[in-house]
$ cat final-v5.cif   # mmCIF, C-alpha atoms
data_start
loop_
_atom_site.label_atom_id
_atom_site.label_comp_id
_atom_site.auth_asym_id
_atom_site.auth_seq_id
_atom_site.Cartn_x
_atom_site.Cartn_y
_atom_site.Cartn_z
CA LYS A 194 19.23 -5.97 3.05
CA ALA A 195 17.70 -6.14 -0.42
CA GLY A 196 14.17 -4.80 -0.79
CA VAL A 197 11.13 -6.36 -2.40
CA THR A 198 11.70 -7.08 -6.07
CA GLN A 199 9.08 -7.54 -8.76
CA THR A 200 9.42 -8.80 -12.30
CA PRO A 201 8.74 -7.83 -14.94
CA ARG A 202 8.46 -4.08 -14.39
CA TYR A 203 6.31 -3.53 -17.48
CA LEU A 204 3.98 -5.77 -19.45
CA ILE A 205 1.72 -5.26 -22.43
CA LYS A 206 -0.94 -7.88 -23.12
CA THR A 207 -4.10 -8.12 -25.18
CA ARG A 208 -7.61 -8.92 -23.99
CA GLY A 209 -8.22 -12.59 -23.33
CA GLN A 210 -4.60 -13.44 -22.63
CA GLN A 211 -3.26 -14.44 -19.24
CA VAL A 212 -0.31 -13.03 -17.31
CA THR A 213 1.96 -14.09 -14.45
CA LEU A 214 3.74 -11.60 -12.22
CA SER A 215 6.52 -12.46 -9.81
CA CYS A 216 7.52 -11.10 -6.42
CA SER A 217 10.56 -11.83 -4.25
CA PRO A 218 10.09 -10.67 -0.65
CA ILE A 219 12.65 -9.26 1.73
CA SER A 220 14.81 -12.04 3.15
CA GLY A 221 13.17 -13.53 6.23
CA HIS A 222 9.68 -12.24 5.41
CA ARG A 223 7.08 -14.98 5.16
CA SER A 224 4.02 -12.91 4.29
CA VAL A 225 3.45 -11.62 0.77
CA SER A 226 0.46 -9.47 -0.14
CA TRP A 227 -0.64 -8.25 -3.54
CA TYR A 228 -2.40 -4.97 -4.31
CA GLN A 229 -3.84 -3.40 -7.44
CA GLN A 230 -3.40 0.35 -7.94
CA THR A 231 -5.51 2.30 -10.46
CA PRO A 232 -6.28 6.02 -10.75
CA GLY A 233 -9.98 5.40 -10.23
CA GLN A 234 -10.05 2.81 -7.44
CA GLY A 235 -6.76 3.58 -5.73
CA LEU A 236 -4.91 0.84 -3.88
CA GLN A 237 -6.95 -2.32 -3.39
CA PHE A 238 -5.99 -5.50 -1.56
CA LEU A 239 -5.98 -8.65 -3.71
CA PHE A 240 -4.74 -11.43 -1.42
CA GLU A 241 -2.12 -12.44 1.10
CA TYR A 242 0.02 -15.55 1.26
CA PHE A 243 1.78 -16.83 4.37
CA SER A 244 3.80 -20.03 4.48
CA GLU A 245 2.55 -21.09 1.04
CA THR A 246 -1.14 -20.71 2.03
CA GLN A 247 -3.59 -18.04 0.98
CA ARG A 248 -4.60 -16.54 4.28
CA ASN A 249 -6.82 -13.67 3.20
CA LYS A 250 -8.50 -12.48 0.03
CA GLY A 251 -9.91 -9.18 -1.16
CA ASN A 252 -12.95 -8.61 -3.31
CA PHE A 253 -11.64 -9.58 -6.74
CA PRO A 254 -12.98 -12.16 -9.23
CA GLY A 255 -11.58 -15.67 -9.47
CA ARG A 256 -9.56 -14.67 -12.56
CA PHE A 257 -7.05 -13.29 -10.08
CA SER A 258 -5.07 -16.00 -8.35
CA GLY A 259 -1.73 -16.48 -6.73
CA ARG A 260 0.64 -18.85 -5.07
CA GLN A 261 3.64 -18.84 -2.80
CA PHE A 262 6.65 -21.09 -2.90
CA SER A 263 8.64 -22.60 -0.06
CA ASN A 264 11.24 -19.80 -0.33
CA SER A 265 8.41 -17.24 0.17
CA ARG A 266 8.59 -15.99 -3.42
CA SER A 267 5.13 -15.41 -4.80
CA GLU A 268 3.45 -15.27 -8.18
CA MET A 269 0.20 -13.69 -9.18
CA ASN A 270 -1.80 -14.81 -12.20
CA VAL A 271 -4.57 -13.04 -14.06
CA SER A 272 -6.48 -15.07 -16.63
CA THR A 273 -8.73 -13.86 -19.45
CA LEU A 274 -7.45 -10.32 -19.24
CA GLU A 275 -9.88 -7.42 -19.54
CA LEU A 276 -9.16 -3.78 -20.40
CA GLY A 277 -10.01 -2.85 -16.81
CA ASP A 278 -7.15 -5.00 -15.51
CA SER A 279 -4.68 -2.37 -16.67
CA ALA A 280 -3.04 -1.22 -13.45
CA LEU A 281 0.07 -1.12 -11.34
CA TYR A 282 0.32 -4.39 -9.43
CA LEU A 283 2.20 -4.06 -6.18
CA CYS A 284 3.63 -6.73 -3.96
CA ALA A 285 4.38 -6.14 -0.28
CA SER A 286 6.20 -8.33 2.20
CA SER A 287 6.29 -8.49 5.99
CA PHE A 288 7.11 -10.92 8.76
CA ASN A 289 3.42 -11.50 9.38
CA GLY A 290 0.41 -9.88 7.74
CA PRO A 291 -0.33 -6.19 7.18
CA ASP A 292 1.87 -4.89 10.00
CA THR A 293 5.01 -3.18 8.73
CA GLN A 294 4.61 -4.10 5.08
CA TYR A 295 7.26 -3.06 2.58
CA PHE A 296 6.29 -2.59 -1.04
CA GLY A 297 8.13 -3.40 -4.23
CA PRO A 298 8.29 -1.05 -7.23
CA GLY A 299 5.33 -2.73 -8.93
CA THR A 300 4.58 -4.23 -12.33
CA ARG A 301 2.82 -1.91 -14.76
CA LEU A 302 0.33 -4.02 -16.76
CA THR A 303 -1.29 -2.57 -19.85
CA VAL A 304 -4.10 -4.53 -21.51
CA LEU A 305 -4.89 -3.56 -25.11
CA GLY B 80 -15.56 -4.15 5.63
CA GLU B 81 -13.26 -1.30 6.50
CA ASN B 82 -13.59 2.08 4.76
CA VAL B 83 -10.90 4.78 4.96
CA GLU B 84 -11.56 8.40 3.98
CA GLN B 85 -8.59 10.73 3.41
CA HIS B 86 -8.52 14.54 3.14
CA PRO B 87 -7.49 16.69 1.44
CA SER B 88 -6.86 15.16 -1.99
CA THR B 89 -4.35 17.92 -2.79
CA LEU B 90 -2.36 20.04 -0.34
CA SER B 91 -0.01 22.85 -1.32
CA VAL B 92 2.23 24.40 1.34
CA GLN B 93 5.19 26.75 1.38
CA GLU B 94 8.59 25.22 2.02
CA GLY B 95 9.28 25.32 5.74
CA ASP B 96 5.60 25.30 6.73
CA SER B 97 3.75 22.35 8.28
CA ALA B 98 1.41 19.96 6.47
CA VAL B 99 -1.42 17.95 8.00
CA ILE B 100 -3.29 15.10 6.31
CA LYS B 101 -6.35 13.55 7.97
CA CYS B 102 -7.99 10.14 7.70
CA THR B 103 -11.06 8.54 9.21
CA TYR B 104 -11.85 4.84 9.39
CA SER B 105 -15.07 2.95 9.90
CA ASP B 106 -14.17 -0.34 11.59
CA SER B 107 -13.62 0.07 15.32
CA ALA B 108 -11.74 -3.27 15.33
CA SER B 109 -8.94 -1.81 13.20
CA ASN B 110 -5.77 -1.57 15.24
CA TYR B 111 -2.92 -0.78 12.85
CA PHE B 112 -2.55 2.50 10.93
CA PRO B 113 0.42 3.04 8.60
CA TRP B 114 1.28 5.97 6.38
CA TYR B 115 2.97 5.54 3.02
CA LYS B 116 4.72 7.99 0.69
CA GLN B 117 4.68 7.26 -3.02
CA GLU B 118 6.89 9.07 -5.50
CA LEU B 119 6.34 8.93 -9.23
CA GLY B 120 7.27 5.57 -10.72
CA LYS B 121 7.92 3.95 -7.34
CA GLY B 122 6.07 1.72 -4.92
CA PRO B 123 4.68 3.10 -1.66
CA GLN B 124 7.29 3.63 1.06
CA LEU B 125 6.34 3.10 4.71
CA ILE B 126 7.18 6.32 6.56
CA ILE B 127 5.50 5.86 9.94
CA ASP B 128 2.87 3.69 11.59
CA ILE B 129 0.88 3.60 14.80
CA ARG B 130 -1.01 0.94 16.69
CA SER B 131 -4.26 1.43 18.56
CA ASN B 132 -2.66 1.27 22.00
CA VAL B 133 -0.67 4.45 21.25
CA GLY B 134 -2.02 7.99 20.83
CA GLU B 135 0.94 9.64 19.15
CA LYS B 136 4.24 8.72 17.54
CA LYS B 137 7.03 10.91 16.24
CA ASP B 138 10.00 10.34 13.97
CA GLN B 139 12.05 13.47 13.36
CA ARG B 140 9.85 15.82 11.26
CA ILE B 141 6.98 13.34 10.96
CA ALA B 142 4.33 12.57 13.56
CA VAL B 143 1.09 10.61 13.57
CA THR B 144 -1.79 11.03 16.02
CA LEU B 145 -4.64 8.59 16.61
CA ASN B 146 -8.06 9.25 18.18
CA LYS B 147 -9.74 5.87 18.61
CA THR B 148 -12.96 7.34 19.97
CA ALA B 149 -13.47 9.52 16.92
CA LYS B 150 -11.90 6.92 14.62
CA HIS B 151 -9.52 9.31 12.96
CA PHE B 152 -5.77 9.64 12.59
CA SER B 153 -3.54 12.32 11.14
CA LEU B 154 -0.09 12.76 9.64
CA HIS B 155 1.87 15.86 10.56
CA ILE B 156 4.98 16.94 8.65
CA THR B 157 6.90 19.91 10.05
CA GLU B 158 9.52 22.09 8.34
CA THR B 159 8.52 20.77 4.93
CA GLN B 160 11.20 20.39 2.27
CA PRO B 161 11.01 19.99 -1.53
CA GLU B 162 11.72 16.25 -1.22
CA ASP B 163 8.52 15.87 0.80
CA SER B 164 6.53 16.44 -2.42
CA ALA B 165 4.77 13.13 -3.19
CA VAL B 166 1.46 11.32 -2.80
CA TYR B 167 0.74 10.20 0.77
CA PHE B 168 -1.60 7.34 1.64
CA CYS B 169 -3.10 6.41 4.97
CA ALA B 170 -4.27 2.86 5.62
CA ALA B 171 -5.92 0.74 8.28
CA SER B 172 -6.13 -2.93 9.08
CA GLY B 173 -7.44 -5.31 11.71
CA GLY B 174 -3.94 -6.56 12.32
CA GLY B 175 -2.93 -10.05 13.38
CA GLY B 176 -2.59 -11.21 9.81
CA ALA B 177 -6.36 -11.33 9.40
CA ASP B 178 -6.80 -8.57 6.84
CA GLY B 179 -4.96 -6.69 4.16
CA LEU B 180 -4.53 -2.94 4.32
CA THR B 181 -7.44 -0.71 3.36
CA PHE B 182 -6.08 2.50 1.87
CA GLY B 183 -7.35 6.05 1.61
CA LYS B 184 -7.46 7.66 -1.84
CA GLY B 185 -4.24 9.58 -1.28
CA THR B 186 -3.12 13.20 -0.81
CA HIS B 187 -0.91 14.90 -3.35
CA LEU B 188 1.41 17.08 -1.28
CA ILE B 189 3.06 19.93 -3.17
CA ILE B 190 5.85 21.90 -1.51
CA GLN B 191 6.12 25.39 -3.02
CA PRO B 192 9.64 26.87 -2.99
#
$ encode --input "final-v5.cif" --output "structure tokens"
Amino acid sequence: KAGVTQTPRYLIKTRGQQVTLSCSPISGHRSVSWYQQTPGQGLQFLFEYFSETQRNKGNFPGRFSGRQFSNSRSEMNVSTLELGDSALYLCASSFNGPDTQYFGPGTRLTVL
Amino acid sequence: GENVEQHPSTLSVQEGDSAVIKCTYSDSASNYFPWYKQELGKGPQLIIDIRSNVGEKKDQRIAVTLNKTAKHFSLHITETQPEDSAVYFCAASGGGGADGLTFGKGTHLIIQP
């Protein structure tokens, strides 16, 4: 069974731009969660999508948004990028919620 | 919200010895506690998990124990090998799809040959 895939693997953007990251979950998984990983703050929960609906949200500003498609693939969007948004963005999938989540390799975003 | 503390931040052990990493959590409603291993350049890999109705779980050289009263859980790795070198994260959640995972800050485990 193929694992969680994320594209692109690396991105370089400048302040003020916006970015869209993509995640394809493990086949059969309907829950997709997104996390931000930085050296200072560690791994932080952004939001979770289940059956195309945002079911839970972490403590991040509205510039961070996402969506999920009918095939469970998910995208995450960050608008008006700031230097502090530089991070590894990780996607995780599961059958339902945080239980037994499997992570993808991440997208490394650098904001200049 | 939930808060997870993880210790130590760095742990160096001799190959073949055991390693223990400890975590405490704050929310007594949390009921799911996974452990992840992250190698350089990769995403976290789920290595073992435990639910609040179980006190201990083992999988070959890896075991996790949970003390709900004290709100702490631990990862035990026996007979450590060089490939065990990585950063390990504990996490907690309320389960049932209600919350995301709250992670500890991680432990860098170094296996000395």
$ interface_residues --input "final-v5.cif" --of "chain A" --to "chain B" --cutoff "8 Å" --atoms "all atoms listed in the file" --output "list of chain:residue names"
A:Ser226, A:Gln234, A:Gly235, A:Leu236, A:Gln237, A:Phe238, A:Phe240, A:Glu241, A:Arg248, A:Asn249, A:Lys250, A:Gly251, A:Leu283, A:Asn289, A:Gly290, A:Pro291, A:Asp292, A:Thr293, A:Gln294, A:Tyr295, A:Phe296, A:Gly297, A:Pro298, A:Gly299
$ residues_around --input "final-v5.cif" --residues "Ile205 (chain A)" --least-positions-apart "2" --cutoff "8 Å" --atoms "only C-alpha atoms" --output "list in words"
Tyr203, Thr207, Leu302, Thr303, Val304 and Leu305 of chain A
$ residues_near_point --input "final-v5.cif" --point "(8.5, -18.1, -2.4)" --cutoff "10 Å" --atoms "all atoms listed in the file" --output "CSV table (one decimal) with C-alpha atoms, in the coordinates of the input"
chain,number,residue,atom,x,y,z
A,215,SER,CA,6.5,-12.5,-9.8
A,216,CYS,CA,7.5,-11.1,-6.4
A,217,SER,CA,10.6,-11.8,-4.2
A,218,PRO,CA,10.1,-10.7,-0.6
A,222,HIS,CA,9.7,-12.2,5.4
A,223,ARG,CA,7.1,-15.0,5.2
A,224,SER,CA,4.0,-12.9,4.3
A,225,VAL,CA,3.4,-11.6,0.8
A,242,TYR,CA,0.0,-15.6,1.3
A,243,PHE,CA,1.8,-16.8,4.4
A,244,SER,CA,3.8,-20.0,4.5
A,245,GLU,CA,2.6,-21.1,1.0
A,260,ARG,CA,0.6,-18.8,-5.1
A,261,GLN,CA,3.6,-18.8,-2.8
A,262,PHE,CA,6.6,-21.1,-2.9
A,263,SER,CA,8.6,-22.6,-0.1
A,264,ASN,CA,11.2,-19.8,-0.3
A,265,SER,CA,8.4,-17.2,0.2
A,266,ARG,CA,8.6,-16.0,-3.4
A,267,SER,CA,5.1,-15.4,-4.8
A,268,GLU,CA,3.4,-15.3,-8.2
$ closest_residue --input "final-v5.cif" --among "A:Ser220, A:Thr300, A:Pro254, A:Gly277" --to "Pro201 (chain A)" --atoms "only C-alpha atoms"
A:Thr300
$ atom_distance --input "final-v5.cif" --atom1 "CA of Thr198 (chain A)" --atom2 "CA of Ile219 (chain A)"
8.2 Å
$ axis_aligned_box --input "final-v5.cif" --around "region 217-228 of chain A" --padding-each-side "5 Å" --output "JSON"
{"center_x": 6.2, "center_y": -10.0, "center_z": 1.0, "size_x": 27.2, "size_y": 20.0, "size_z": 20.5}
$ resolve_selection --input "final-v5.cif" --expression "the PyMOL selection byres ((chain A and resi 272) around 12)" --output "PyMOL selection string"
chain A and resi 206-214+254-259+269-271+273-275+278+304
$ closest_residue --input "final-v5.cif" --among "B:Thr103, B:Ser88, B:Gln93, B:Gln139" --to "Phe152 (chain B)" --atoms "all atoms listed in the file"
B:Thr103
$ atom_distance --input "final-v5.cif" --atom1 "CA of Ile189 (chain B)" --atom2 "CA of Ile141 (chain B)"
16.1 Å
$ resolve_selection --input "final-v5.cif" --expression "the PyMOL selection byres ((chain B and resi 96) around 7)" --output "ChimeraX atom specification"
/B:92-95,97-98,157-159
$ closest_residue --input "final-v5.cif" --among "B:Ser153, B:Gln191, B:Thr148, B:Ser109" --to "Tyr167 (chain B)" --atoms "only C-alpha atoms"
B:Ser153
$ atom_distance --input "final-v5.cif" --atom1 "CA of Val83 (chain B)" --atom2 "CA of His155 (chain B)"
17.8 Å
$ resolve_selection --input "final-v5.cif" --expression "the PyMOL selection byres ((chain B and resi 164) around 6)" --output "PyMOL selection string"
chain B and resi 161-163+165+188-190
$ closest_residue --input "final-v5.cif" --among "B:Leu119, B:Gln160, B:Tyr104, B:Trp114" --to "Asn146 (chain B)" --atoms "all atoms listed in the file"
B:Tyr104
$ decode --input "final-v5.cif" --residues "region 159-191 of chain B" --atoms "N, CA and C atoms" --output "compact mmCIF listing (two decimals), in the first residue's frame"
# COMPACT_ATOMS: atom_id res chain seq x y z
N THR B 159 19.41 -1.59 22.32
CA THR B 159 19.47 -0.53 21.30
C THR B 159 20.50 -0.85 20.22
N GLN B 160 20.16 -0.40 19.00
CA GLN B 160 21.01 -0.63 17.83
C GLN B 160 21.28 0.72 17.15
N PRO B 161 22.32 0.80 16.33
CA PRO B 161 22.64 2.08 15.67
C PRO B 161 21.45 2.68 14.90
N GLU B 162 20.63 1.82 14.31
CA GLU B 162 19.48 2.34 13.54
C GLU B 162 18.38 2.92 14.42
N ASP B 163 18.52 2.79 15.73
CA ASP B 163 17.56 3.43 16.64
C ASP B 163 17.86 4.92 16.82
N SER B 164 19.02 5.36 16.37
CA SER B 164 19.38 6.79 16.48
C SER B 164 18.41 7.62 15.64
N ALA B 165 17.74 8.57 16.30
CA ALA B 165 16.72 9.40 15.64
C ALA B 165 16.15 10.35 16.69
N VAL B 166 15.19 11.17 16.27
CA VAL B 166 14.44 11.99 17.23
C VAL B 166 13.10 11.31 17.48
N TYR B 167 12.75 11.14 18.74
CA TYR B 167 11.51 10.49 19.14
C TYR B 167 10.55 11.51 19.73
N PHE B 168 9.30 11.43 19.32
CA PHE B 168 8.26 12.34 19.81
C PHE B 168 7.15 11.54 20.47
N CYS B 169 6.70 12.01 21.62
CA CYS B 169 5.48 11.49 22.21
C CYS B 169 4.36 12.46 21.86
N ALA B 170 3.13 11.99 21.94
CA ALA B 170 1.99 12.83 21.64
C ALA B 170 0.77 12.34 22.41
N ALA B 171 -0.22 13.20 22.50
CA ALA B 171 -1.46 12.85 23.19
C ALA B 171 -2.62 13.48 22.46
N SER B 172 -3.78 12.84 22.57
CA SER B 172 -4.98 13.43 21.99
C SER B 172 -6.21 12.93 22.74
N GLY B 173 -7.31 13.67 22.55
CA GLY B 173 -8.57 13.28 23.17
C GLY B 173 -9.23 12.15 22.45
N GLY B 174 -8.76 11.83 21.26
CA GLY B 174 -9.33 10.71 20.53
C GLY B 174 -10.70 11.02 19.96
N GLY B 175 -11.28 10.07 19.26
CA GLY B 175 -12.63 10.21 18.73
C GLY B 175 -12.74 11.25 17.64
N GLY B 176 -11.62 11.62 17.05
CA GLY B 176 -11.66 12.59 15.97
C GLY B 176 -11.87 14.02 16.44
N ALA B 177 -11.88 14.24 17.74
CA ALA B 177 -12.19 15.58 18.24
C ALA B 177 -10.99 16.52 18.20
N ASP B 178 -9.80 15.98 18.35
CA ASP B 178 -8.62 16.83 18.47
C ASP B 178 -7.50 16.31 17.60
N GLY B 179 -6.57 17.20 17.27
CA GLY B 179 -5.33 16.77 16.66
C GLY B 179 -4.40 16.27 17.74
N LEU B 180 -3.23 15.82 17.33
CA LEU B 180 -2.22 15.38 18.27
C LEU B 180 -1.48 16.58 18.85
N THR B 181 -1.23 16.53 20.16
CA THR B 181 -0.35 17.50 20.81
C THR B 181 0.96 16.79 21.08
N PHE B 182 2.05 17.33 20.55
CA PHE B 182 3.34 16.66 20.62
C PHE B 182 4.23 17.22 21.72
N GLY B 183 5.10 16.35 22.25
CA GLY B 183 6.22 16.81 23.06
C GLY B 183 7.27 17.41 22.16
N LYS B 184 8.32 18.00 22.77
CA LYS B 184 9.35 18.70 22.02
C LYS B 184 10.36 17.77 21.37
N GLY B 185 10.33 16.51 21.72
CA GLY B 185 11.21 15.54 21.08
C GLY B 185 12.44 15.19 21.91
N THR B 186 12.94 13.97 21.70
CA THR B 186 14.17 13.49 22.34
C THR B 186 15.10 12.99 21.25
N HIS B 187 16.31 13.56 21.22
CA HIS B 187 17.30 13.11 20.26
C HIS B 187 18.05 11.93 20.89
N LEU B 188 17.80 10.75 20.38
CA LEU B 188 18.43 9.54 20.90
C LEU B 188 19.68 9.23 20.08
N ILE B 189 20.79 9.14 20.77
CA ILE B 189 22.08 8.85 20.12
C ILE B 189 22.57 7.50 20.63
N ILE B 190 22.82 6.58 19.72
CA ILE B 190 23.34 5.26 20.10
C ILE B 190 24.84 5.25 19.82
N GLN B 191 25.61 5.12 20.90
CA GLN B 191 27.08 5.14 20.79
C GLN B 191 27.58 3.72 20.50
